[in-house]
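structure_8.txt follows; it contains compact mmCIF, C-alpha atoms and all ligand atoms.
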```txt
# COMPACT_ATOMS: atom_id res chain seq x y z
CA MET A 295 -60.59 54.72 2.01
CA ILE A 296 -59.65 58.04 0.44
CA PRO A 297 -56.22 59.01 -0.91
CA LEU A 298 -54.05 61.07 1.44
CA LYS A 299 -53.94 63.97 -1.04
CA GLU A 300 -57.72 64.23 -1.01
CA ALA A 301 -57.88 64.21 2.80
CA GLN A 302 -55.14 66.84 2.97
CA SER A 303 -56.89 69.11 0.45
CA HIS A 304 -60.10 68.84 2.46
CA VAL A 305 -58.24 70.07 5.55
CA PHE A 306 -56.00 72.73 4.01
CA GLU A 307 -58.90 74.30 2.06
CA ARG A 308 -60.70 74.89 5.36
CA VAL A 309 -57.79 76.40 7.26
CA THR A 310 -56.90 80.05 6.73
CA PRO A 311 -54.04 82.33 7.83
CA LEU A 312 -54.76 84.00 11.16
CA ARG A 313 -55.35 87.75 11.44
CA ALA A 314 -52.55 90.03 10.22
CA MET A 315 -51.08 92.33 12.84
CA ALA A 316 -47.91 94.19 13.80
CA LEU A 317 -45.97 92.17 16.38
CA ALA A 318 -42.75 93.05 18.21
CA LEU A 319 -39.78 91.42 16.44
CA ASP A 320 -39.17 89.12 19.42
CA GLU A 321 -42.64 87.66 18.87
CA CYS A 322 -42.23 87.00 15.16
CA LEU A 323 -39.94 83.98 14.91
CA GLY A 324 -41.49 81.39 12.58
CA LEU A 325 -44.41 83.60 11.51
CA ALA A 326 -44.83 84.80 7.92
CA THR A 327 -45.10 88.39 6.77
CA SER A 328 -48.66 89.50 5.96
CA GLN A 329 -47.45 92.08 3.42
CA ALA A 330 -44.26 93.07 1.61
CA VAL A 331 -41.76 94.86 3.84
CA HIS A 332 -39.54 97.65 2.49
CA SER A 333 -36.58 99.39 4.06
CA GLU A 334 -36.88 103.07 4.89
CA GLU A 335 -33.21 103.24 5.74
CA SER A 336 -29.96 102.43 3.92
CA ILE A 337 -27.74 99.75 5.41
CA PRO A 338 -25.02 100.57 6.21
CA PRO A 339 -26.36 104.08 6.91
CA PHE A 340 -22.97 105.74 6.11
CA ASP A 341 -19.63 104.88 4.49
CA ASN A 342 -17.57 103.09 7.14
CA THR A 343 -14.38 101.13 7.51
CA ALA A 344 -14.30 97.33 7.34
CA VAL A 345 -10.96 97.14 9.21
CA ASP A 346 -8.93 98.81 11.94
CA GLY A 347 -6.30 101.00 10.21
CA PHE A 348 -5.73 104.44 8.79
CA ALA A 349 -8.08 106.46 6.62
CA LEU A 350 -6.22 108.33 3.89
CA HIS A 351 -6.35 109.53 0.31
CA PHE A 352 -5.07 106.69 -1.88
CA ASP A 353 -3.03 109.15 -4.01
CA GLU A 354 -0.84 110.00 -1.03
CA VAL A 355 0.59 106.47 -0.87
CA SER A 356 0.72 105.58 -4.58
CA ALA A 357 4.48 105.04 -4.37
CA ALA A 358 4.51 103.12 -1.05
CA ALA A 359 6.28 99.74 -0.83
CA PRO A 360 8.00 97.79 1.98
CA GLU A 361 11.41 99.04 0.78
CA ASN A 362 10.02 102.51 0.09
CA PRO A 363 7.57 103.39 2.92
CA VAL A 364 5.59 106.64 2.85
CA THR A 365 5.22 108.42 6.20
CA LEU A 366 2.08 110.49 6.88
CA PRO A 367 1.24 112.56 9.94
CA VAL A 368 -1.70 111.16 11.99
CA ALA A 369 -4.37 113.81 12.46
CA GLY A 370 -6.45 112.04 15.14
CA THR A 371 -8.38 108.89 15.96
CA ILE A 372 -11.96 108.00 14.93
CA ALA A 373 -13.85 105.37 16.93
CA ALA A 374 -17.07 103.59 15.96
CA GLY A 375 -19.94 105.88 17.02
CA ASP A 376 -17.94 109.12 16.65
CA PRO A 377 -19.57 111.87 14.58
CA PRO A 378 -18.26 112.50 11.03
CA ARG A 379 -14.81 114.11 10.80
CA ALA A 380 -12.66 115.67 8.05
CA LEU A 381 -9.27 114.39 6.92
CA PRO A 382 -6.68 117.19 6.56
CA ARG A 383 -4.81 117.07 3.22
CA GLY A 384 -1.59 115.09 3.28
CA ALA A 385 -2.47 113.32 6.55
CA ALA A 386 -3.95 110.00 7.73
CA MET A 387 -6.39 109.35 10.57
CA ARG A 388 -6.39 106.29 12.80
CA ILE A 389 -9.81 104.60 12.41
CA MET A 390 -11.63 101.66 14.06
CA THR A 391 -13.88 99.09 12.35
CA GLY A 392 -17.38 100.49 11.80
CA ALA A 393 -16.35 104.15 12.23
CA VAL A 394 -17.47 106.81 9.72
CA ILE A 395 -14.98 107.44 6.88
CA PRO A 396 -13.83 111.06 7.27
CA SER A 397 -14.59 113.41 4.38
CA GLY A 398 -11.57 113.71 2.11
CA ALA A 399 -10.51 110.06 2.65
CA ASN A 400 -11.14 107.46 -0.05
CA ALA A 401 -9.37 104.35 1.29
CA VAL A 402 -8.37 102.64 4.51
CA ILE A 403 -5.07 100.84 4.92
CA MET A 404 -5.08 97.96 7.40
CA VAL A 405 -3.03 98.48 10.53
CA GLU A 406 -1.07 95.30 9.58
CA ASP A 407 0.24 97.11 6.43
CA THR A 408 1.67 100.00 8.46
CA GLU A 409 4.31 100.68 11.10
CA GLU A 410 4.39 103.29 13.82
CA ALA A 411 6.73 106.13 12.97
CA GLU A 412 7.80 109.16 14.89
CA GLY A 413 5.14 111.85 14.38
CA GLY A 414 3.01 109.65 12.16
CA VAL A 415 2.43 106.33 10.43
CA ARG A 416 4.68 104.52 7.96
CA VAL A 417 2.62 103.03 5.09
CA LEU A 418 4.22 99.94 3.53
CA ARG A 419 2.10 99.42 0.44
CA THR A 420 -0.36 101.07 -1.96
CA VAL A 421 -4.14 100.93 -1.58
CA ARG A 422 -6.85 100.93 -4.21
CA GLN A 423 -9.43 103.67 -4.24
CA GLY A 424 -12.29 102.54 -2.00
CA GLU A 425 -10.28 99.72 -0.41
CA ASN A 426 -11.72 98.53 2.94
CA ILE A 427 -14.64 100.97 2.70
CA ARG A 428 -18.17 99.59 3.15
CA LEU A 429 -20.35 101.98 1.21
CA ALA A 430 -23.64 103.37 2.54
CA GLY A 431 -26.49 101.26 1.16
CA SER A 432 -24.22 98.42 -0.02
CA ASP A 433 -26.34 95.80 1.83
CA ILE A 434 -29.75 97.50 1.44
CA THR A 435 -30.66 100.76 -0.27
CA ALA A 436 -33.40 102.94 1.20
CA GLY A 437 -36.75 102.01 -0.38
CA ALA A 438 -35.64 98.51 -1.38
CA LEU A 439 -37.83 95.44 -0.86
CA LEU A 440 -36.60 93.56 2.19
CA PHE A 441 -39.05 90.64 2.11
CA PRO A 442 -42.09 89.84 -0.01
CA GLU A 443 -45.41 88.88 1.55
CA ARG A 444 -45.44 85.38 3.12
CA THR A 445 -41.75 85.30 3.97
CA VAL A 446 -41.23 83.07 6.99
CA LEU A 447 -39.22 85.07 9.51
CA GLY A 448 -36.18 83.24 10.87
CA PRO A 449 -33.34 84.58 13.02
CA VAL A 450 -31.58 86.20 10.05
CA HIS A 451 -34.75 87.96 8.87
CA LEU A 452 -35.30 89.38 12.36
CA GLY A 453 -31.75 90.77 12.31
CA VAL A 454 -32.35 92.36 8.90
CA LEU A 455 -35.58 93.98 10.10
CA ALA A 456 -33.86 95.31 13.24
CA SER A 457 -30.97 96.70 11.18
CA ALA A 458 -33.49 98.54 8.98
CA GLY A 459 -35.05 100.17 12.03
CA TYR A 460 -38.12 97.97 12.51
CA VAL A 461 -39.28 97.28 16.07
CA LYS A 462 -42.43 95.50 14.87
CA ALA A 463 -43.21 93.47 11.76
CA PRO A 464 -46.51 92.82 9.96
CA VAL A 465 -47.22 89.09 10.36
CA HIS A 466 -50.04 86.60 10.67
CA ARG A 467 -50.50 86.11 14.37
CA ARG A 468 -49.41 83.02 16.24
CA ALA A 469 -51.91 80.20 16.70
CA ARG A 470 -53.08 79.10 20.15
CA VAL A 471 -53.56 75.35 19.90
CA GLY A 472 -55.31 73.25 22.53
CA VAL A 473 -54.37 69.59 23.06
CA ILE A 474 -56.87 67.09 24.49
CA SER A 475 -56.60 63.37 25.18
CA THR A 476 -59.85 61.44 25.11
CA GLY A 477 -60.37 58.03 26.66
CA SER A 478 -61.66 56.67 29.99
CA GLU A 479 -58.65 54.33 30.20
CA LEU A 480 -56.13 57.18 30.39
CA VAL A 481 -54.16 58.11 33.48
CA ASP A 482 -51.69 60.95 33.96
CA GLU A 483 -50.83 60.58 37.63
CA ALA A 484 -47.85 59.08 39.44
CA ARG A 485 -49.67 56.02 40.81
CA PRO A 486 -49.82 52.35 39.89
CA LEU A 487 -52.23 51.56 37.05
CA ARG A 488 -55.47 49.76 37.85
CA PRO A 489 -56.49 46.93 35.55
CA GLY A 490 -57.51 48.28 32.16
CA GLU A 491 -55.84 51.65 32.57
CA ILE A 492 -52.98 52.95 30.47
CA ARG A 493 -50.85 56.06 30.74
CA ASP A 494 -51.66 59.10 28.64
CA SER A 495 -48.61 59.48 26.40
CA ASN A 496 -50.26 61.38 23.55
CA ARG A 497 -50.84 64.62 25.40
CA HIS A 498 -47.15 64.84 26.28
CA SER A 499 -45.83 64.11 22.80
CA LEU A 500 -48.55 66.18 21.12
CA ARG A 501 -48.00 69.25 23.30
CA ALA A 502 -44.29 69.02 22.58
CA ILE A 503 -44.74 68.51 18.85
CA VAL A 504 -47.23 71.40 18.63
CA SER A 505 -44.63 73.63 20.28
CA THR A 506 -42.14 72.77 17.52
CA THR A 507 -44.47 74.49 15.04
CA GLY A 508 -44.10 77.71 17.00
CA ALA A 509 -47.75 77.72 18.06
CA ASP A 510 -48.66 78.46 21.68
CA VAL A 511 -49.83 75.24 23.30
CA VAL A 512 -52.72 75.03 25.74
CA ASP A 513 -53.06 71.82 27.74
CA LEU A 514 -56.72 70.83 27.95
CA GLY A 515 -56.15 67.61 29.89
CA ILE A 516 -57.75 64.20 29.66
CA VAL A 517 -61.44 63.97 28.91
CA PRO A 518 -63.17 60.62 29.62
CA ASP A 519 -65.44 58.92 27.10
CA ASP A 520 -68.47 60.80 28.35
CA GLU A 521 -70.78 62.79 26.12
CA GLU A 522 -71.22 65.82 28.36
CA ALA A 523 -67.55 66.06 29.33
CA LEU A 524 -66.48 65.87 25.69
CA ARG A 525 -69.04 68.42 24.56
CA SER A 526 -68.03 71.01 27.14
CA ALA A 527 -64.29 70.43 26.56
CA PHE A 528 -64.57 70.93 22.80
CA LEU A 529 -66.91 73.91 22.98
CA GLY A 530 -64.84 75.59 25.69
CA ALA A 531 -61.69 75.16 23.61
CA ALA A 532 -63.33 76.44 20.43
CA ALA A 533 -64.43 79.60 22.23
CA GLU A 534 -60.87 80.55 23.20
CA LEU A 535 -58.40 78.96 20.83
CA ASP A 536 -57.44 78.89 17.14
CA ALA A 537 -57.27 75.11 16.75
CA ILE A 538 -57.93 71.93 18.72
CA VAL A 539 -55.87 68.76 18.49
CA THR A 540 -57.55 65.78 20.09
CA SER A 541 -56.51 62.14 20.11
CA GLY A 542 -58.56 59.01 20.52
CA GLY A 543 -62.14 58.13 19.79
CA VAL A 544 -62.10 58.67 16.04
CA SER A 545 -62.02 55.04 14.94
CA VAL A 546 -64.98 52.66 15.05
CA GLY A 547 -65.16 51.59 18.71
CA ASP A 548 -68.51 51.35 20.53
CA PHE A 549 -67.68 53.99 23.11
CA ASP A 550 -66.30 56.54 20.71
CA TYR A 551 -68.67 59.29 21.86
CA THR A 552 -66.19 61.72 20.43
CA LYS A 553 -67.76 61.10 17.06
CA LYS A 554 -71.30 61.76 18.16
CA VAL A 555 -70.38 64.90 20.07
CA LEU A 556 -68.30 66.27 17.23
CA ARG A 557 -71.07 65.57 14.74
CA ASP A 558 -73.46 67.59 16.92
CA ILE A 559 -71.25 70.55 17.74
CA SER A 560 -69.85 70.88 14.22
CA LYS A 561 -73.45 70.97 12.93
CA GLY A 562 -72.76 67.93 10.79
CA GLU A 563 -69.66 69.46 9.22
CA MET A 564 -67.21 67.07 10.89
CA ARG A 565 -65.81 64.50 8.51
CA TRP A 566 -64.48 61.07 9.47
CA MET A 567 -61.97 59.78 7.05
CA GLN A 568 -60.36 56.45 6.43
CA VAL A 569 -57.17 57.68 4.83
CA ALA A 570 -55.33 55.23 2.56
CA ILE A 571 -52.16 55.28 4.64
CA ARG A 572 -50.56 53.13 7.33
CA PRO A 573 -50.29 54.02 10.15
CA ALA A 574 -52.88 56.74 10.89
CA LYS A 575 -55.81 55.53 8.79
CA PRO A 576 -58.64 57.03 10.92
CA PHE A 577 -58.71 60.80 11.00
CA ALA A 578 -61.42 63.35 11.71
CA PHE A 579 -61.52 66.98 10.75
CA GLY A 580 -64.08 69.72 10.95
CA LEU A 581 -64.77 73.24 12.07
CA VAL A 582 -66.28 73.70 15.53
CA GLU A 583 -67.62 77.25 15.85
CA GLY A 584 -65.32 78.07 12.93
CA ILE A 585 -62.24 76.63 14.68
CA PRO A 586 -60.41 73.69 13.04
CA LEU A 587 -60.53 70.51 15.08
CA PHE A 588 -58.08 67.73 14.24
CA GLY A 589 -59.24 64.35 15.51
CA LEU A 590 -56.12 62.19 15.57
CA PRO A 591 -56.15 58.45 16.16
CA GLY A 592 -55.46 57.27 19.72
CA ASN A 593 -52.59 54.96 18.88
CA PRO A 594 -49.51 56.98 19.78
CA VAL A 595 -47.53 56.36 16.58
CA SER A 596 -50.59 57.04 14.42
CA ALA A 597 -51.28 60.27 16.29
CA LEU A 598 -47.78 61.59 15.58
CA VAL A 599 -47.73 60.52 11.92
CA SER A 600 -51.17 62.06 11.46
CA PHE A 601 -49.84 65.24 13.07
CA GLU A 602 -47.03 65.49 10.49
CA LEU A 603 -49.37 64.88 7.56
CA PHE A 604 -52.24 67.15 8.61
CA VAL A 605 -51.64 69.34 11.65
CA ARG A 606 -48.11 70.72 11.16
CA PRO A 607 -48.88 71.88 7.60
CA ALA A 608 -52.23 73.34 8.71
CA ILE A 609 -50.55 75.34 11.49
CA ARG A 610 -48.03 76.57 8.93
CA LYS A 611 -50.93 77.80 6.85
CA MET A 612 -52.43 79.55 9.90
CA HIS A 613 -49.04 81.21 10.45
CA GLY A 614 -49.13 82.50 6.87
CA HIS A 615 -46.59 80.13 5.34
CA SER A 616 -46.92 79.33 1.64
CA GLU A 617 -44.82 76.13 1.81
CA LEU A 618 -46.84 73.75 3.94
CA PHE A 619 -44.36 70.87 3.69
CA ASP A 620 -40.60 70.62 3.69
CA PRO A 621 -39.25 68.90 0.58
CA THR A 622 -38.95 65.12 0.72
CA LEU A 623 -35.65 63.48 -0.20
CA MET A 624 -34.83 60.58 -2.51
CA VAL A 625 -32.44 58.36 -0.58
CA ARG A 626 -30.85 54.94 -1.03
CA ALA A 627 -32.41 52.19 1.11
CA ALA A 628 -29.95 50.57 3.52
CA ASN A 629 -32.36 47.69 4.17
CA ALA A 630 -35.44 46.11 2.64
CA TYR A 631 -39.00 46.99 3.62
CA ARG A 632 -41.34 44.05 3.05
CA ARG A 633 -45.10 44.65 2.83
CA HIS A 634 -48.19 43.39 1.04
CA PRO A 635 -50.58 45.29 -1.20
CA ASP A 636 -53.33 46.72 1.04
CA GLY A 637 -54.44 49.79 -0.88
CA ARG A 638 -52.43 52.04 1.43
CA VAL A 639 -49.23 54.04 1.29
CA HIS A 640 -46.98 53.09 4.20
CA TYR A 641 -45.14 55.71 6.21
CA ALA A 642 -42.48 53.52 7.76
CA ARG A 643 -40.60 54.83 10.78
CA ALA A 644 -37.04 55.07 9.63
CA LEU A 645 -33.58 56.29 10.40
CA LEU A 646 -31.97 58.70 7.96
CA SER A 647 -28.21 58.67 8.33
CA ALA A 648 -25.05 59.72 6.55
CA GLU A 649 -22.76 57.08 5.02
CA SER A 650 -18.97 57.42 5.26
CA ASP A 651 -18.92 59.06 1.79
CA GLY A 652 -21.39 61.72 3.00
CA SER A 653 -24.38 60.41 1.04
CA LEU A 654 -27.64 59.75 2.87
CA SER A 655 -29.26 56.38 3.37
CA VAL A 656 -32.44 55.26 5.08
CA SER A 657 -33.16 52.18 7.20
CA SER A 658 -36.69 51.29 8.19
CA LEU A 659 -36.96 50.24 11.83
CA GLU A 660 -37.95 46.79 13.14
CA GLY A 661 -41.23 47.55 14.95
CA GLN A 662 -43.79 49.17 12.67
CA SER A 663 -46.95 48.64 14.76
CA SER A 664 -48.86 51.77 15.60
CA HIS A 665 -48.56 51.27 19.38
CA MET A 666 -44.74 51.01 19.26
CA LEU A 667 -43.88 54.49 20.37
CA HIS A 668 -40.58 53.43 21.93
CA GLU A 669 -39.36 52.18 18.56
CA MET A 670 -40.51 55.43 16.94
CA ALA A 671 -38.27 57.34 19.35
CA ARG A 672 -35.30 55.95 17.37
CA SER A 673 -36.59 57.32 14.08
CA ASN A 674 -35.91 60.70 12.51
CA ALA A 675 -37.80 60.21 9.24
CA LEU A 676 -40.65 58.44 7.54
CA ALA A 677 -39.88 56.26 4.52
CA ILE A 678 -42.76 56.52 2.08
CA CYS A 679 -43.59 53.15 0.57
CA PRO A 680 -46.33 53.11 -2.10
CA ASP A 681 -48.86 50.29 -2.22
CA GLY A 682 -47.23 47.05 -3.37
CA ASP A 683 -44.62 44.61 -2.08
CA GLY A 684 -42.17 47.05 -0.58
CA TYR A 685 -38.65 47.89 -1.63
CA VAL A 686 -35.28 46.19 -1.50
CA LEU A 687 -31.85 47.24 -0.33
CA GLY A 688 -30.33 49.77 -2.72
CA ASP A 689 -33.65 51.10 -4.07
CA MET A 690 -34.19 54.85 -4.10
CA VAL A 691 -36.87 55.68 -1.55
CA GLU A 692 -38.82 58.86 -0.88
CA VAL A 693 -38.17 60.05 2.65
CA MET A 694 -39.89 62.65 4.78
CA PRO A 695 -37.50 63.96 7.44
CA LEU A 696 -39.39 64.51 10.68
CA GLY A 697 -39.89 68.02 11.99
CA PRO A 698 -37.46 69.88 14.22
CA ALA A 699 -36.98 68.44 17.67
CA ALA A 700 -36.58 71.85 19.31
CA PRO A 701 -39.23 74.55 19.75
CA ALA A 702 -39.52 77.00 16.89
CA ARG A 703 -39.22 79.82 19.42
P1 LIG B 1 -59.00 55.02 20.11
O1 LIG B 1 -58.56 55.81 18.92
O2 LIG B 1 -59.63 55.85 21.18
O3 LIG B 1 -59.82 53.84 19.72
O4 LIG B 1 -57.63 54.46 20.75
C1 LIG B 1 -56.79 53.58 20.03
C2 LIG B 1 -55.69 53.06 20.95
O5 LIG B 1 -54.87 54.12 21.38
C3 LIG B 1 -56.23 52.39 22.21
O6 LIG B 1 -55.35 51.30 22.52
C4 LIG B 1 -56.09 53.48 23.24
O7 LIG B 1 -55.99 52.98 24.54
C5 LIG B 1 -54.81 54.16 22.81
N1 LIG B 1 -54.78 55.55 23.24
C6 LIG B 1 -55.77 56.45 23.07
N2 LIG B 1 -55.43 57.64 23.59
C7 LIG B 1 -54.19 57.50 24.09
C8 LIG B 1 -53.29 58.37 24.75
N3 LIG B 1 -53.63 59.63 25.00
N4 LIG B 1 -52.09 57.90 25.12
C9 LIG B 1 -51.74 56.62 24.86
N5 LIG B 1 -52.55 55.75 24.22
C10 LIG B 1 -53.75 56.16 23.85
MG MG B 2 -60.65 55.67 22.90
```
Kindly return the structure encoded in the file as C-alpha cells.
Amino acid sequence: MIPLKEAQSHVFERVTPLRAMALALDECLGLATSQAVHSEESIPPFDNTAVDGFALHFDEVSAAAPENPVTLPVAGTIAAGDPPRALPRGAAMRIMTGAVIPSGANAVIMVEDTEEAEGGVRVLRTVRQGENIRLAGSDITAGALLFPERTVLGPVHLGVLASAGYVKAPVHRRARVGVISTGSELVDEARPLRPGEIRDSNRHSLRAIVSTTGADVVDLGIVPDDEEALRSAFLGAAAELDAIVTSGGVSVGDFDYTKKVLRDISKGEMRWMQVAIRPAKPFAFGLVEGIPLFGLPGNPVSALVSFELFVRPAIRKMHGHSELFDPTLMVRAANAYRRHPDGRVHYARALLSAESDGSLSVSSLEGQSSHMLHEMARSNALAICPDGDGYVLGDMVEVMPLGPAAPAR
C-alpha cells in the first residue's frame, strides 16, 4: 500500500491546466483566470448620487434645521442615465439614485430630510460636503488590478468584470470529462434483472458529481468486460476528451481486462495503486494519448470517495485553480468511531451538523461498507480517522465536507 499523499502527488503532477483562452463571461463560472486582469475603466465611471434627493451646494444650507428650514428653488430634475447638467447658483436640483452629480453641486440631501415648498424645496438640516455622493473610481480606479492570475471566477467576479466593461475573460478552458462504467454484470435498462446482474449506479452518480466540478460531462455508457470493447471505448474517449473517469475493473479480479487494456494503451504508463485508505483502496491512474484516465473502484461508495480524493482536485487543476482542496474542519465527535489498526486511514461517511449553540459536530454513520450507497446518501462529510483504534465521543476529528450538491454552472 502507498500513502494517500503519494498517490495524490503522482496524479496531480501529471495533470496540467487546460489551454488558456478568452471565453464569454457567461462561460467562465468556476474557471480560473489564466493571467492578471486589470480594469481599463473607473467604477463608478462618474460622480453619482447614492440616494434620491436634491443636489445642492452644502454652503447654501449651512444654517438649515427643522425649526429653521432653508428654501431653495428647484432648477430641474436629473434621472439616472441623463447627460451631465449644471446646477445654477443658489438653487437645488431634484436627483435620482445613480444619476450624474451636476457640476457646481457638492452634496445631496435625502428626500426624507426635505419638504415640498411653493416654488422650491424646504431643506430641514445641514449636509456635509460630499454627503451621499459616490465618487468616480471609488470602487475601482482605471488601471487597477481586478484579479490576479488563477482567481477562480464566481458570480461576484463575473459582475465585477462586466462592470469594468469586459465581455470575455482570459481563463483556462473548461474540461470535457467522459464517464464510463465497466463490468459485464451492469444493466441500465428498465427491466427485471437476470441472475447475476446488477444495476449501474456509478455512471449516474459519477456524471452528476463530475457536473458539480463545472466540467462538461460526456456519457460514454457501459462497457462490458471485453478486451476489444474496452480498448475502443478508452481510445475513442481519449481522442475527443480532456479526461476519462471509469469505474470497475481496477482491483484484482480475474476478468479485470480493464487493467490489461489500460496497460497496453497507456504504453505501460498506467499505474495501479493500493492506496492506504478505506474505502477506495484500489485506484488506477495514467495518461492515455496524453489524456488523464482515472480508474475508480467499482464499489459505489469507493468510487465516490476516490472521486473526492483524486478526480475533483485534478479537475480543479485543469480549470486553473491553485487550491485543489477545500479546507478540512476540526469538529467535535458526536459519537464514537471504532476501528482496528489496518495500516489505512479511514474516510468514514459522516453527518456534519450544527448543535443548538451553533458549533459543529460530526456523527459517523452506521453502515460503513463500500457497497452501502444508500447509507452514504445520508452523509454530507467524511470523517478522517487515522490508523489506530478510532476515536471516542467528544474527540476533535478532522472532517472533509463533501463537495457542492448543485452544478457549478
Ligand atoms: P470491480 O471493481 O469491477 O471489481 O467491482 C467491484 C464491485 O463493484 C462489484 O460488486 C461490482 O459489481 C460493483 N460495481 C462495479 N461497477 C459498478 C457500477 N457501475 N454500479 C454499481 N456497482 C458496480
Ligand atoms: Mg468489474
With a distance cut-off of 7 Å and only C-alpha atoms, select the neighbouring residues of Leu440 in chain A, excluding the residue or stretch itself and same-chain residues fewer than 3 positions from it, and output the selection as a list in words. Val331, His332 and Ser333 of chain A
Write the residues of the selection above to a file with C-alpha atoms, as a PDB file, in the coordinates of the input.
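Contents of the output file part-v2.pdb:
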```
ATOM      1  CA  VAL A 331     -41.760  94.860   3.840  1.00  0.00           C
ATOM      2  CA  HIS A 332     -39.540  97.650   2.490  1.00  0.00           C
ATOM      3  CA  SER A 333     -36.580  99.390   4.060  1.00  0.00           C
TER       4      SER A 333
END
```
Box for ligand LIG 1 (chain B): with edges along x, y and z, all listed atoms inside and 3 Å added on each side, what are the centre and edge lengths in Å to one decimal, as lines of an AutoDock Vina configuration file?
```
center_x = -55.8
center_y = 55.5
center_z = 22.0
size_x = 14.1
size_y = 14.3
size_z = 12.2
```
Using only C-alpha atoms, find the one residue out of A:Asp636, A:Glu521, A:Glu354, A:Glu406 that sits nearest to Ile571 in chain A.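 Residue with the minimum atom-to-atom distance to Ile571 in chain A: A:Asp636.
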Within-9 Å residues of ligand LIG 1 (chain B), basis all atoms listed in the file, as a ChimeraX atom specification: /A:474-481,491-498,516,519,540-547,549-550,552,576,590-594,596-597,664-665
Residues near Pro311 in chain A, anyone? I mean within 10 Å using all atoms listed in the file, not counting same-chain ones fewer than 6 positions away, as number ranges by chain. A: 326, 328, 465-469, 608-616
What is the distance, in Å and to one decimal place, between CA of Phe604 in chain A and CA of Ser647 in chain A? 25.5 Å
